[in-house]
Structures are given as structure tokens and as C-alpha cells.
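Structure, as C-alpha cells:
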Amino acid sequence: MDAPANMYYFKMLMLLLVTGVCTFWLGRIIQWLLLRKTHPRKKIFFILLSSIAVSYLLALLVWFFWPQTINPMWGIFFLPAVFGEIIILILTFVLFKKGKHT
């Protein structure tokens, strides 16, 4: 008997979460360091939660188009998640930076 299709998707999502956990944590630490002096804690908390969801979806999208001949792991870092984190960190820097008013 074959496994249902939703079981396959669940395993893929869990595999992405397990392989990208170091990358996602490092991305949230860097993002917190970017935001900690300029925003209140409650706002940072919601930014971090929403950005991890978006980063996870971006990593899933990159992994979907990843060439099968290239190994997606580089040490403890999952390269599709690294690409997703780089995009999120750039967006965080551009969208949430506080400019100096002179």
C-alpha cells in the first residue's frame, strides 16, 4: 500500500526544517542584531516570526528548483535556506532601517 501524497509533502517539509535549522537560527540572530536598537521588542518578535515563515517558504521554493547534481548541504548549512535568509536579511535592512534625520 502506498503512502498518501500529503505524507510525502509532510516529510519534505520536515526534512527542510531539520536540515535548515542552523541556517534559520543564524538568520534570526543576525536579524535580531539588526533590529534590536531601533525597534521595540514586541515589534521585533512579530518581525522575526513572520520572517522565518517567509524564509522557510523561500528556501522551499529554491529547493524545488535546485539541480539534483549539486549537494544542497555545505557543512551544517543548507544552501537553499541560505539563499532565503540572504533575501530576508536584505529586505529587513532595507525595510526596517531607521534613517538619521538631520
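Each chain of the C-alpha cells is named A, B, ... in the order shown, its residues numbered from 1; ligands are numbered from 1 in display order.
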
Quick one: DSSP alpha helix (DSSP H) residues in stretch 4-102 of chain A, as a VMD selection string?
chain A and resid 5 to 19 21 to 35 41 to 64 79 to 96

Mind the document's chain letters and residue numbers, and return as a list in words the residues of stretch 21-89 of chain A that DSSP labels strand (DSSP E or B).
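The residues of stretch 21-89 of chain A classed as strand (DSSP E or B) are Met73, Trp74, Phe77 and Phe78 of chain A.
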
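Between A:Phe24 and the candidates A:Trp74, A:Trp63, A:Phe93, A:Tyr56, the tightest atom-to-atom separation, counting only C-alpha atoms, involves A:Tyr56.
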
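Between atom CA of A:Lys42 and atom CA of A:Ser55 the separation is 19.9 Å.
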
Just want the 12 Å neighbourhood of A:Leu26, counted on only C-alpha atoms, with same-chain residues fewer than 6 positions away dropped. Output as a list in words.
Gly20, Trp32, Leu33, Leu48, Ile52, Ile76, Phe77, Phe78, Ala81, Val82, Glu85, Ile86 and Leu89 of chain A

How far is it from atom CA of A:Tyr9 to atom CA of A:Val54, in Å with one decimal?
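Value for the atom CA of A:Tyr9-atom CA of A:Val54 distance: 17.9 Å.
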